[in-house]
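The next block holds one structure in the form of structure tokens; read it before the comments.
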Amino acid sequence: MQGVPTSFSSSPAAPTAPVAKPKPFLLTPRQGEAARALMAYVGSLPLKGADAQLLAVVVSIRAARRGIGNLTGQDLRALRLADPEGAVTSFAALGWQGQEALLGEDMVTPVAVTVPDLADRPDPRLPFGKVMRSRVSGWTVRTMAAKPVKKTSSAGRLAALFLAAHGPADEHGTLPAHLPDDCRAALPELLAKGFLCELDGERYLLSEAVRHLSGTRPPSDTPPRTRDEPETERLSWDAWKDRASVALRRHVEAVERCPECSLTTERVSEAFMRTAVPAQFEEKVRAAYTAWEAKYPAQGPAAAEFAAAFRAAHGHGPSVKQLCKAMGWGKMSRELRIHVIRRLIADGWLMNTDPVPWTLRPGKTALARTSGATTASGQRTR
């Protein structure tokens, strides 16, 4: 009988592909250390099963500064746990409080989960500042939403977090000593999906597609002159969010943490922080709209239906570009996209909270049509 192989490679005979421009790293060296501290803390918790441990990662990073992490039912659902109820109830044994409310019918109201172990104390378990906590939180979301990982099991996504935090970007890493057993069992899944390009016993190598998620970046990729510049920009973003209303901040976090959109922090912050400038449409844009309308007549109902479905799946509305692309309206200039959406808003098929991005939803005309159809249906059934 043949022996079981101990060394694997995801594509040993694959032809060499063109080298793509590498994505920028999400974490600085110090933030990488913080990511490893987070995973070590979660690994030390007496929890059984990847569902509970994966949820604990999300709660812990949100509670890192003050011992209270806010989550919604939508956040819980987005994790796609096999047994969400079991994961939530397991926290009671740790002394955590308030998490039971996550299992209610309300999917949007934040639930405050108290983690006594992370509350104010002389020697905090996770000594993160505001920017550090925000960056590591964003890293967890982006790692779990990475293309080779997003459709894997809870154990696969948890393993990806451990391996990304500990794995060097361009060298072999060693499996963390505190890697949960369920995660070890999921390693072949990460190899098959392309998160890892090599797995040999206790050694592994991150694939090129996810090297930017590494918690240990090469020194050459962190020039001393510019190392602090992104931190300054992110601090401004955090300050902007601190001044936002509760409702606006909730919307911002829904967009930032959306596993379906997987948007970068820079992309989200730029969209929310930029100054709104009234659009002036030139004659050529109006002419382009006339041609578009002739090619795509009566698009209001379909656009409203898509916006409603998108909001239900993502927890926020689509951007103008996302809606236009999904509707199959072909190549459009930014000015034409804006003009089309504004006309749909004027006709009542869509509405938004201008100038807040990602707020498109069905308008009054669409809602009245839906309400009318519901009433007629009810009359027919009586």
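Chain identifiers are assigned as A, B, and so on, following the order in which chains appear in the structure tokens; residues are numbered from 1 within each chain, and ligands are numbered from 1 in order of appearance.
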
Exercise for review: Find the residues near Ser90 of chain A: any atom within 8 Å, counting only C-alpha atoms, skip ones fewer than 3 places away on the same chain, and give them as a ChimeraX atom specification.
Suggested key: /A:47,52,86-87,93-94

Those same residues, written as a PDB file, in the first residue's frame with N, CA, C and O atoms?
```
ATOM      1  N   LEU A  47     -12.824  27.638  23.935  1.00  0.00           N
ATOM      2  CA  LEU A  47     -13.973  27.472  23.053  1.00  0.00           C
ATOM      3  C   LEU A  47     -13.770  26.238  22.184  1.00  0.00           C
ATOM      4  O   LEU A  47     -12.660  25.971  21.729  1.00  0.00           O
ATOM      5  N   ALA A  52     -17.504  29.067  16.910  1.00  0.00           N
ATOM      6  CA  ALA A  52     -17.380  29.916  18.093  1.00  0.00           C
ATOM      7  C   ALA A  52     -16.088  30.722  18.051  1.00  0.00           C
ATOM      8  O   ALA A  52     -16.069  31.906  18.409  1.00  0.00           O
ATOM      9  N   GLY A  86     -25.217  27.939  18.516  1.00  0.00           N
ATOM     10  CA  GLY A  86     -24.249  27.273  19.386  1.00  0.00           C
ATOM     11  C   GLY A  86     -23.037  28.147  19.658  1.00  0.00           C
ATOM     12  O   GLY A  86     -22.498  28.176  20.769  1.00  0.00           O
ATOM     13  N   ALA A  87     -22.599  28.890  18.629  1.00  0.00           N
ATOM     14  CA  ALA A  87     -21.443  29.775  18.795  1.00  0.00           C
ATOM     15  C   ALA A  87     -21.750  30.886  19.783  1.00  0.00           C
ATOM     16  O   ALA A  87     -20.932  31.209  20.658  1.00  0.00           O
ATOM     17  N   ALA A  93     -20.062  30.706  28.886  1.00  0.00           N
ATOM     18  CA  ALA A  93     -19.090  30.019  29.727  1.00  0.00           C
ATOM     19  C   ALA A  93     -17.831  30.853  29.950  1.00  0.00           C
ATOM     20  O   ALA A  93     -17.077  30.617  30.899  1.00  0.00           O
ATOM     21  N   LEU A  94     -17.598  31.842  29.085  1.00  0.00           N
ATOM     22  CA  LEU A  94     -16.434  32.716  29.230  1.00  0.00           C
ATOM     23  C   LEU A  94     -16.736  33.913  30.120  1.00  0.00           C
ATOM     24  O   LEU A  94     -15.831  34.711  30.411  1.00  0.00           O
TER      25      LEU A  94
END
```

Can you tell me which residues surround Pro29 of chain A at a distance of at most 8 Å, considering only C-alpha atoms, apart from same-chain residues fewer than 2 positions away, and format the answer as a PDB file with C-alpha atoms, in the first residue's frame?
```pdb
ATOM      1  CA  LEU A  27      -0.801  45.888   7.793  1.00  0.00           C
ATOM      2  CA  GLN A  31      -0.106  46.083  13.044  1.00  0.00           C
ATOM      3  CA  GLY A  32       1.020  42.600  12.049  1.00  0.00           C
ATOM      4  CA  GLU A  33       2.157  42.057  15.625  1.00  0.00           C
ATOM      5  CA  GLY A 215       1.300  40.139   8.959  1.00  0.00           C
ATOM      6  CA  THR A 216       5.040  39.997   8.209  1.00  0.00           C
ATOM      7  CA  ARG A 217       5.865  42.158   5.216  1.00  0.00           C
TER       8      ARG A 217
END
```

Check your understanding: Can you tell me, as a PyMOL selection string, what residues are no more than 9 Å from segment 154-170 of chain A when counting only C-alpha atoms, ignoring any on the same chain fewer than 2 positions away?
Key -> chain A and resi 32-36+39-40+49-51+53-54+57+79-82+139-140+143-145+149-152+172-176+179-180+182-187+189-190+195+204-208+210-218

Check your understanding: For Val252 of chain A, which residue among A:Ala101, A:Ala298, A:Val356, A:Leu367 is the nearest when counting only C-alpha atoms?
Key ->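 Answer, going by the shortest atom-to-atom distance: A:Val356.
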
Check your understanding: Using only C-alpha atoms, which of the listed residues (A:Thr265, A:Ser60, A:Ser137, A:Thr359) sits closest to Ala308 of chain A?
Key -> A:Thr359

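Here atom CA of Thr114 of chain A stands at a distance of 7.5 Å from atom CA of Ala63 of chain A.
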
Practice item. Run DSSP on the backbone of this structure and report the residues of segment 39-275 of chain A it assigns to strand (DSSP E or B), as a ChimeraX atom specification. Key: /A:68-71,97,111-114,168,173-174,196-200,203-206,216

Exercise for review: Excluding Ala302 of chain A and any residue of its chain fewer than 6 positions from it, enumerate the residues within 10 Å of it, using only C-alpha atoms, and give them as a PyMOL selection string.
Suggested key: chain A and resi 308+327+349+366

Check your understanding: When DSSP works through the backbone of this structure, what residues of segment 225-348 of chain A end up as alpha helix (DSSP H), shown as a PyMOL selection string?
Key -> chain A and resi 229-243+246-256+265-273+283-295+300-314+320-326+334-346

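Distances to His178 of chain A were evaluated for A:Ala309, A:Thr89, A:Ala37, A:Ala294 using only C-alpha atoms, and the minimum falls at A:Ala37.
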
Point to revise | Å distance separating atom CA of Thr264 of chain A from atom CA of Gly129 of chain A, one decimal place | key: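 Distance reported for this atom pair: 20.4 Å.
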
Identify, on the basis of only C-alpha atoms, every residue whose closest approach to Ala78 of chain A does not exceed 12 Å; exclude the query and any residue fewer than 6 positions from it along the same chain; express the result as a CSV table (one decimal) with C-alpha atoms, in the first residue's frame.
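To be explicit, this is the file written out as part.csv:
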```
chain,number,residue,atom,x,y,z
A,54,LEU,CA,-14.4,32.7,14.3
A,55,LEU,CA,-17.2,34.7,16.0
A,58,VAL,CA,-14.9,39.4,15.4
A,71,LEU,CA,-22.4,43.6,16.5
A,72,THR,CA,-25.6,43.3,14.7
A,84,PRO,CA,-24.6,30.4,14.9
A,107,MET,CA,-30.9,42.3,12.3
A,141,VAL,CA,-12.8,41.4,7.2
A,144,MET,CA,-12.2,36.4,5.4
A,145,ALA,CA,-13.6,38.0,2.2
A,150,LYS,CA,-14.8,33.6,1.3
A,151,LYS,CA,-16.6,30.4,0.3
A,154,SER,CA,-15.6,28.4,9.2
A,254,ALA,CA,-22.0,48.1,7.0
A,257,ARG,CA,-17.4,45.3,6.6
A,258,CYS,CA,-19.5,44.0,3.7
A,259,PRO,CA,-18.0,40.6,2.8
A,260,GLU,CA,-19.7,40.7,-0.6
A,261,CYS,CA,-18.2,44.1,-1.7
A,312,ALA,CA,-31.2,42.8,1.5
A,313,ALA,CA,-28.0,40.8,0.6
A,314,HIS,CA,-25.4,43.4,1.6
A,315,GLY,CA,-27.0,45.4,4.4
```

Point to revise | Distance in Å - atom CA of Ile345 of chain A versus atom CA of Pro297 of chain A | key: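 Interatomic distance here is 15.5 Å.
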
Exercise for review: With a distance cut-off of 8 Å and only C-alpha atoms, select the neighbouring residues of segment 116-119 of chain A, excluding the residue or stretch itself and same-chain residues fewer than 5 positions from it, and output the selection as a list in words.
Suggested key: Ser60, Ala63, Ala64, Arg65, Arg66, Gly67, Ile68, Gly95, Trp96, Pro124, Arg125 and Leu126 of chain A

Only N, CA and C atoms, please: the residues just picked out, written as a PDB file, in the first residue's frame.
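And here is the file that came out, result14.pdb:
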```
ATOM      1  N   SER A  60     -13.887  40.024  19.676  1.00  0.00           N
ATOM      2  CA  SER A  60     -12.696  40.451  20.420  1.00  0.00           C
ATOM      3  C   SER A  60     -12.060  41.698  19.828  1.00  0.00           C
ATOM      4  N   ALA A  63     -14.093  44.633  20.679  1.00  0.00           N
ATOM      5  CA  ALA A  63     -14.096  44.937  22.113  1.00  0.00           C
ATOM      6  C   ALA A  63     -12.692  45.220  22.639  1.00  0.00           C
ATOM      7  N   ALA A  64     -11.711  45.273  21.761  1.00  0.00           N
ATOM      8  CA  ALA A  64     -10.317  45.331  22.193  1.00  0.00           C
ATOM      9  C   ALA A  64      -9.996  46.540  23.057  1.00  0.00           C
ATOM     10  N   ARG A  65     -10.607  47.688  22.804  1.00  0.00           N
ATOM     11  CA  ARG A  65     -10.209  48.915  23.497  1.00  0.00           C
ATOM     12  C   ARG A  65     -10.939  49.123  24.828  1.00  0.00           C
ATOM     13  N   ARG A  66     -12.223  48.801  24.869  1.00  0.00           N
ATOM     14  CA  ARG A  66     -12.988  49.117  26.081  1.00  0.00           C
ATOM     15  C   ARG A  66     -13.746  47.918  26.662  1.00  0.00           C
ATOM     16  N   GLY A  67     -13.563  46.760  26.071  1.00  0.00           N
ATOM     17  CA  GLY A  67     -14.214  45.580  26.619  1.00  0.00           C
ATOM     18  C   GLY A  67     -15.641  45.388  26.161  1.00  0.00           C
ATOM     19  N   ILE A  68     -16.109  46.214  25.218  1.00  0.00           N
ATOM     20  CA  ILE A  68     -17.477  46.081  24.689  1.00  0.00           C
ATOM     21  C   ILE A  68     -17.407  46.122  23.167  1.00  0.00           C
ATOM     22  N   GLY A  95     -18.001  34.079  30.489  1.00  0.00           N
ATOM     23  CA  GLY A  95     -18.382  35.248  31.267  1.00  0.00           C
ATOM     24  C   GLY A  95     -18.762  36.440  30.416  1.00  0.00           C
ATOM     25  N   TRP A  96     -18.836  36.247  29.093  1.00  0.00           N
ATOM     26  CA  TRP A  96     -19.245  37.334  28.207  1.00  0.00           C
ATOM     27  C   TRP A  96     -20.749  37.572  28.380  1.00  0.00           C
ATOM     28  N   PRO A 124      -3.750  45.345  29.860  1.00  0.00           N
ATOM     29  CA  PRO A 124      -4.755  44.926  28.865  1.00  0.00           C
ATOM     30  C   PRO A 124      -4.263  43.784  27.999  1.00  0.00           C
ATOM     31  N   ARG A 125      -5.162  42.846  27.726  1.00  0.00           N
ATOM     32  CA  ARG A 125      -4.805  41.685  26.904  1.00  0.00           C
ATOM     33  C   ARG A 125      -4.514  42.096  25.469  1.00  0.00           C
ATOM     34  N   LEU A 126      -5.256  43.076  24.975  1.00  0.00           N
ATOM     35  CA  LEU A 126      -5.060  43.576  23.612  1.00  0.00           C
ATOM     36  C   LEU A 126      -4.861  45.093  23.683  1.00  0.00           C
TER      37      LEU A 126
END
```

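Proximity of A:Gln99, A:Ser153, A:Gln299, A:Ser371 to Ile341 of chain A, computed with only C-alpha atoms, is greatest for A:Gln299.
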